Amino acid sequence: MAEMKGNITPWPEMSMKNYQWLDEYLQKQPSTEKEFQPAWQAYKYLLCGKMYAYIGIDDRNGRPIITLKLEPAFSDMLRSKYEDIVPGYYMNKLHWSTVYLDGDVPQDVLTDIVYASYKLVRSLLSKKHSRKYWVVHQMPVCRVN
């Protein structure tokens with residue numbers, strides 16, 4: 001991953017270099033914050049403190065994953081189309097889906113899924129939160145004053 005601090009993850013460096021594009025794409029989403037979650041050995045991607053994705057390793061099989069918050073009907077459709085998209089790893093199986101990054105999900109599909117997750121969480125921000133942090137071009141700015 002981009003700029004791992006002191007190589008604090010147990011992941012093989014070469015494995016993570018394969019997914020640097022994904023880390024960069026996630027961080028390009030407006031107001032996204034990235035933080036390492038030591039208990040999960042995973043990177044979380046948040047919008048105004050609300051997680052919409054995390055990248056880590058499935059400790060049952062050692063495979064690299066991204067887990068995303070998605071609309072249930074969209075998740076069902078994706079899971080029926082791609083065997084490498086499964087119910088969310090250690091998450092609510094209805095609202096979260098996990099994608100095995102070393103699987104057969106095309107990169108363009110994965111970027112579409114990431115954007116769908118970001119948009120969903122953005123749409124779920126409370127009105128109070130939205131009014132407080134929304135700026136021109138409808139991009140949230142998540143600063144605490």
# chains A, B, ... in the order shown; residues from 1 in each chain; ligands from 1
>>> residues_around(residues="range 114-127 of chain A", least_positions_apart="5", cutoff="10 Å", atoms="only C-alpha atoms", output="mmCIF file with N, CA and C atoms, in the first residue's frame")
data_model
loop_
_atom_site.group_PDB
_atom_site.id
_atom_site.type_symbol
_atom_site.label_atom_id
_atom_site.label_comp_id
_atom_site.auth_asym_id
_atom_site.auth_seq_id
_atom_site.Cartn_x
_atom_site.Cartn_y
_atom_site.Cartn_z
ATOM 1 N N LEU A 22 -5.518 0.521 -6.211
ATOM 2 C CA LEU A 22 -6.800 0.536 -5.516
ATOM 3 C C LEU A 22 -6.750 1.491 -4.320
ATOM 4 N N TYR A 25 -6.961 4.929 -5.733
ATOM 5 C CA TYR A 25 -8.314 5.241 -6.187
ATOM 6 C C TYR A 25 -9.221 5.567 -4.999
ATOM 7 N N LEU A 26 -9.137 4.769 -3.943
ATOM 8 C CA LEU A 26 -9.936 5.025 -2.745
ATOM 9 C C LEU A 26 -9.626 6.405 -2.167
ATOM 10 N N GLN A 29 -11.237 9.621 -3.671
ATOM 11 C CA GLN A 29 -12.638 9.963 -3.423
ATOM 12 C C GLN A 29 -12.654 11.156 -2.461
ATOM 13 N N PRO A 30 -13.429 12.197 -2.770
ATOM 14 C CA PRO A 30 -13.416 13.418 -1.951
ATOM 15 C C PRO A 30 -13.605 13.154 -0.458
ATOM 16 N N THR A 32 -12.000 11.471 1.648
ATOM 17 C CA THR A 32 -11.684 10.158 2.193
ATOM 18 C C THR A 32 -10.492 10.259 3.134
ATOM 19 N N TYR A 45 -11.116 2.984 5.064
ATOM 20 C CA TYR A 45 -11.334 4.203 4.272
ATOM 21 C C TYR A 45 -12.662 4.777 4.735
ATOM 22 N N LEU A 46 -12.602 6.031 5.206
ATOM 23 C CA LEU A 46 -13.755 6.647 5.848
ATOM 24 C C LEU A 46 -14.143 7.948 5.175
ATOM 25 N N LEU A 47 -15.425 8.245 5.227
ATOM 26 C CA LEU A 47 -15.980 9.517 4.775
ATOM 27 C C LEU A 47 -16.694 10.119 5.973
ATOM 28 N N CYS A 48 -16.194 11.241 6.449
ATOM 29 C CA CYS A 48 -16.768 11.902 7.632
ATOM 30 C C CYS A 48 -16.894 10.925 8.800
ATOM 31 N N GLY A 49 -15.879 10.081 8.968
ATOM 32 C CA GLY A 49 -15.859 9.136 10.072
ATOM 33 C C GLY A 49 -16.653 7.867 9.846
ATOM 34 N N LYS A 50 -17.311 7.732 8.694
ATOM 35 C CA LYS A 50 -18.107 6.546 8.372
ATOM 36 C C LYS A 50 -17.324 5.671 7.397
ATOM 37 N N MET A 51 -17.086 4.427 7.764
ATOM 38 C CA MET A 51 -16.312 3.529 6.913
ATOM 39 C C MET A 51 -17.129 3.100 5.699
ATOM 40 N N TYR A 52 -16.482 3.146 4.542
ATOM 41 C CA TYR A 52 -17.122 2.618 3.345
ATOM 42 C C TYR A 52 -16.311 1.492 2.706
ATOM 43 N N ALA A 53 -15.072 1.294 3.154
ATOM 44 C CA ALA A 53 -14.250 0.218 2.605
ATOM 45 C C ALA A 53 -13.122 -0.108 3.567
ATOM 46 N N ILE A 66 -10.936 -6.683 -0.286
ATOM 47 C CA ILE A 66 -11.521 -5.378 0.014
ATOM 48 C C ILE A 66 -12.970 -5.652 0.384
ATOM 49 N N THR A 67 -13.416 -5.023 1.454
ATOM 50 C CA THR A 67 -14.801 -5.172 1.901
ATOM 51 C C THR A 67 -15.467 -3.810 1.781
ATOM 52 N N LEU A 68 -16.658 -3.793 1.170
ATOM 53 C CA LEU A 68 -17.346 -2.553 0.814
ATOM 54 C C LEU A 68 -18.797 -2.569 1.269
ATOM 55 N N LYS A 69 -19.277 -1.406 1.675
ATOM 56 C CA LYS A 69 -20.689 -1.245 2.043
ATOM 57 C C LYS A 69 -21.474 -1.004 0.755
ATOM 58 N N LEU A 70 -22.515 -1.839 0.519
ATOM 59 C CA LEU A 70 -23.290 -1.753 -0.725
ATOM 60 C C LEU A 70 -24.772 -1.950 -0.443
ATOM 61 N N GLU A 71 -25.580 -1.477 -1.365
ATOM 62 C CA GLU A 71 -27.021 -1.739 -1.293
ATOM 63 C C GLU A 71 -27.230 -3.254 -1.404
ATOM 64 N N PHE A 74 -27.811 -4.717 -4.941
ATOM 65 C CA PHE A 74 -26.596 -4.621 -5.756
ATOM 66 C C PHE A 74 -25.613 -5.719 -5.337
ATOM 67 N N TRP A 96 -22.677 -5.513 3.566
ATOM 68 C CA TRP A 96 -21.257 -5.481 3.207
ATOM 69 C C TRP A 96 -20.932 -6.680 2.329
ATOM 70 N N SER A 97 -20.082 -6.434 1.325
ATOM 71 C CA SER A 97 -19.589 -7.505 0.460
ATOM 72 C C SER A 97 -18.073 -7.454 0.426
ATOM 73 N N ASP A 108 -12.172 -2.653 -13.798
ATOM 74 C CA ASP A 108 -13.182 -1.616 -14.021
ATOM 75 C C ASP A 108 -14.447 -1.885 -13.202
ATOM 76 N N VAL A 109 -14.790 -3.153 -13.004
ATOM 77 C CA VAL A 109 -15.936 -3.496 -12.159
ATOM 78 C C VAL A 109 -15.620 -3.139 -10.710
ATOM 79 N N LYS A 132 -23.570 20.751 7.844
ATOM 80 C CA LYS A 132 -22.402 21.292 8.524
ATOM 81 C C LYS A 132 -21.141 21.182 7.675
ATOM 82 N N TYR A 133 -21.021 20.109 6.898
ATOM 83 C CA TYR A 133 -19.765 19.845 6.204
ATOM 84 C C TYR A 133 -19.830 19.930 4.681
ATOM 85 N N TRP A 134 -21.008 20.141 4.126
ATOM 86 C CA TRP A 134 -21.134 20.167 2.663
ATOM 87 C C TRP A 134 -20.652 21.514 2.133
ATOM 88 N N GLN A 138 -20.949 19.861 -3.860
ATOM 89 C CA GLN A 138 -21.441 18.761 -3.037
ATOM 90 C C GLN A 138 -20.336 17.803 -2.618
ATOM 91 N N MET A 139 -19.212 18.347 -2.227
ATOM 92 C CA MET A 139 -18.132 17.523 -1.692
ATOM 93 C C MET A 139 -18.047 17.741 -0.204
ATOM 94 N N PRO A 140 -18.151 16.668 0.569
ATOM 95 C CA PRO A 140 -18.068 16.840 2.007
ATOM 96 C C PRO A 140 -16.659 17.197 2.450
#
>>> select_by_dssp(residues="range 12-115 of chain A", states="alpha helix (DSSP H)", output="count of residues only")
33
>>> atom_distance(atom1="CA of Val86 in chain A", atom2="CA of Gly56 in chain A")
14.8 Å
>>> decode(residues="range 49-99 of chain A", atoms="C-alpha atoms", output="PDB file, in the first residue's frame")
ATOM      1  CA  GLY A  49     -15.859   9.136  10.072  1.00  0.00           C
ATOM      2  CA  LYS A  50     -18.107   6.546   8.372  1.00  0.00           C
ATOM      3  CA  MET A  51     -16.312   3.529   6.913  1.00  0.00           C
ATOM      4  CA  TYR A  52     -17.122   2.618   3.345  1.00  0.00           C
ATOM      5  CA  ALA A  53     -14.250   0.218   2.605  1.00  0.00           C
ATOM      6  CA  TYR A  54     -11.374  -1.663   4.101  1.00  0.00           C
ATOM      7  CA  ILE A  55      -8.471  -3.569   2.590  1.00  0.00           C
ATOM      8  CA  GLY A  56      -6.888  -6.465   4.413  1.00  0.00           C
ATOM      9  CA  ILE A  57      -6.246 -10.183   4.369  1.00  0.00           C
ATOM     10  CA  ASP A  58      -8.822 -12.934   4.926  1.00  0.00           C
ATOM     11  CA  ASP A  59      -7.174 -14.765   7.815  1.00  0.00           C
ATOM     12  CA  ARG A  60      -9.025 -17.975   6.944  1.00  0.00           C
ATOM     13  CA  ASN A  61      -7.230 -18.394   3.610  1.00  0.00           C
ATOM     14  CA  GLY A  62      -4.584 -15.619   3.433  1.00  0.00           C
ATOM     15  CA  ARG A  63      -6.155 -13.971   0.389  1.00  0.00           C
ATOM     16  CA  PRO A  64      -6.142 -10.171  -0.038  1.00  0.00           C
ATOM     17  CA  ILE A  65      -9.606  -8.604   0.200  1.00  0.00           C
ATOM     18  CA  ILE A  66     -11.521  -5.378   0.014  1.00  0.00           C
ATOM     19  CA  THR A  67     -14.801  -5.172   1.901  1.00  0.00           C
ATOM     20  CA  LEU A  68     -17.346  -2.553   0.814  1.00  0.00           C
ATOM     21  CA  LYS A  69     -20.689  -1.245   2.043  1.00  0.00           C
ATOM     22  CA  LEU A  70     -23.290  -1.753  -0.725  1.00  0.00           C
ATOM     23  CA  GLU A  71     -27.021  -1.739  -1.293  1.00  0.00           C
ATOM     24  CA  PRO A  72     -28.312  -5.292  -0.619  1.00  0.00           C
ATOM     25  CA  ALA A  73     -29.832  -5.768  -4.101  1.00  0.00           C
ATOM     26  CA  PHE A  74     -26.596  -4.621  -5.756  1.00  0.00           C
ATOM     27  CA  SER A  75     -24.591  -7.005  -3.532  1.00  0.00           C
ATOM     28  CA  ASP A  76     -26.879  -9.909  -4.479  1.00  0.00           C
ATOM     29  CA  MET A  77     -26.449  -9.176  -8.172  1.00  0.00           C
ATOM     30  CA  LEU A  78     -22.645  -8.979  -7.857  1.00  0.00           C
ATOM     31  CA  ARG A  79     -22.430 -12.156  -5.783  1.00  0.00           C
ATOM     32  CA  SER A  80     -24.475 -14.066  -8.344  1.00  0.00           C
ATOM     33  CA  LYS A  81     -22.225 -12.855 -11.176  1.00  0.00           C
ATOM     34  CA  TYR A  82     -18.769 -13.203  -9.564  1.00  0.00           C
ATOM     35  CA  GLU A  83     -17.715 -16.077  -7.329  1.00  0.00           C
ATOM     36  CA  ASP A  84     -14.948 -13.859  -5.891  1.00  0.00           C
ATOM     37  CA  ILE A  85     -17.537 -11.500  -4.380  1.00  0.00           C
ATOM     38  CA  VAL A  86     -18.923 -12.934  -1.160  1.00  0.00           C
ATOM     39  CA  PRO A  87     -20.830 -11.713   1.907  1.00  0.00           C
ATOM     40  CA  GLY A  88     -18.808  -9.252   3.986  1.00  0.00           C
ATOM     41  CA  TYR A  89     -15.916 -10.716   5.934  1.00  0.00           C
ATOM     42  CA  TYR A  90     -16.567 -10.093   9.663  1.00  0.00           C
ATOM     43  CA  MET A  91     -19.274  -7.582   8.725  1.00  0.00           C
ATOM     44  CA  ASN A  92     -23.062  -7.448   8.374  1.00  0.00           C
ATOM     45  CA  LYS A  93     -23.615  -9.885   5.487  1.00  0.00           C
ATOM     46  CA  LEU A  94     -26.612  -7.946   4.170  1.00  0.00           C
ATOM     47  CA  HIS A  95     -24.909  -4.552   3.819  1.00  0.00           C
ATOM     48  CA  TRP A  96     -21.257  -5.481   3.207  1.00  0.00           C
ATOM     49  CA  SER A  97     -19.589  -7.505   0.460  1.00  0.00           C
ATOM     50  CA  THR A  98     -16.022  -8.764   0.246  1.00  0.00           C
ATOM     51  CA  VAL A  99     -14.105  -8.960  -3.021  1.00  0.00           C
TER      52      VAL A  99
END
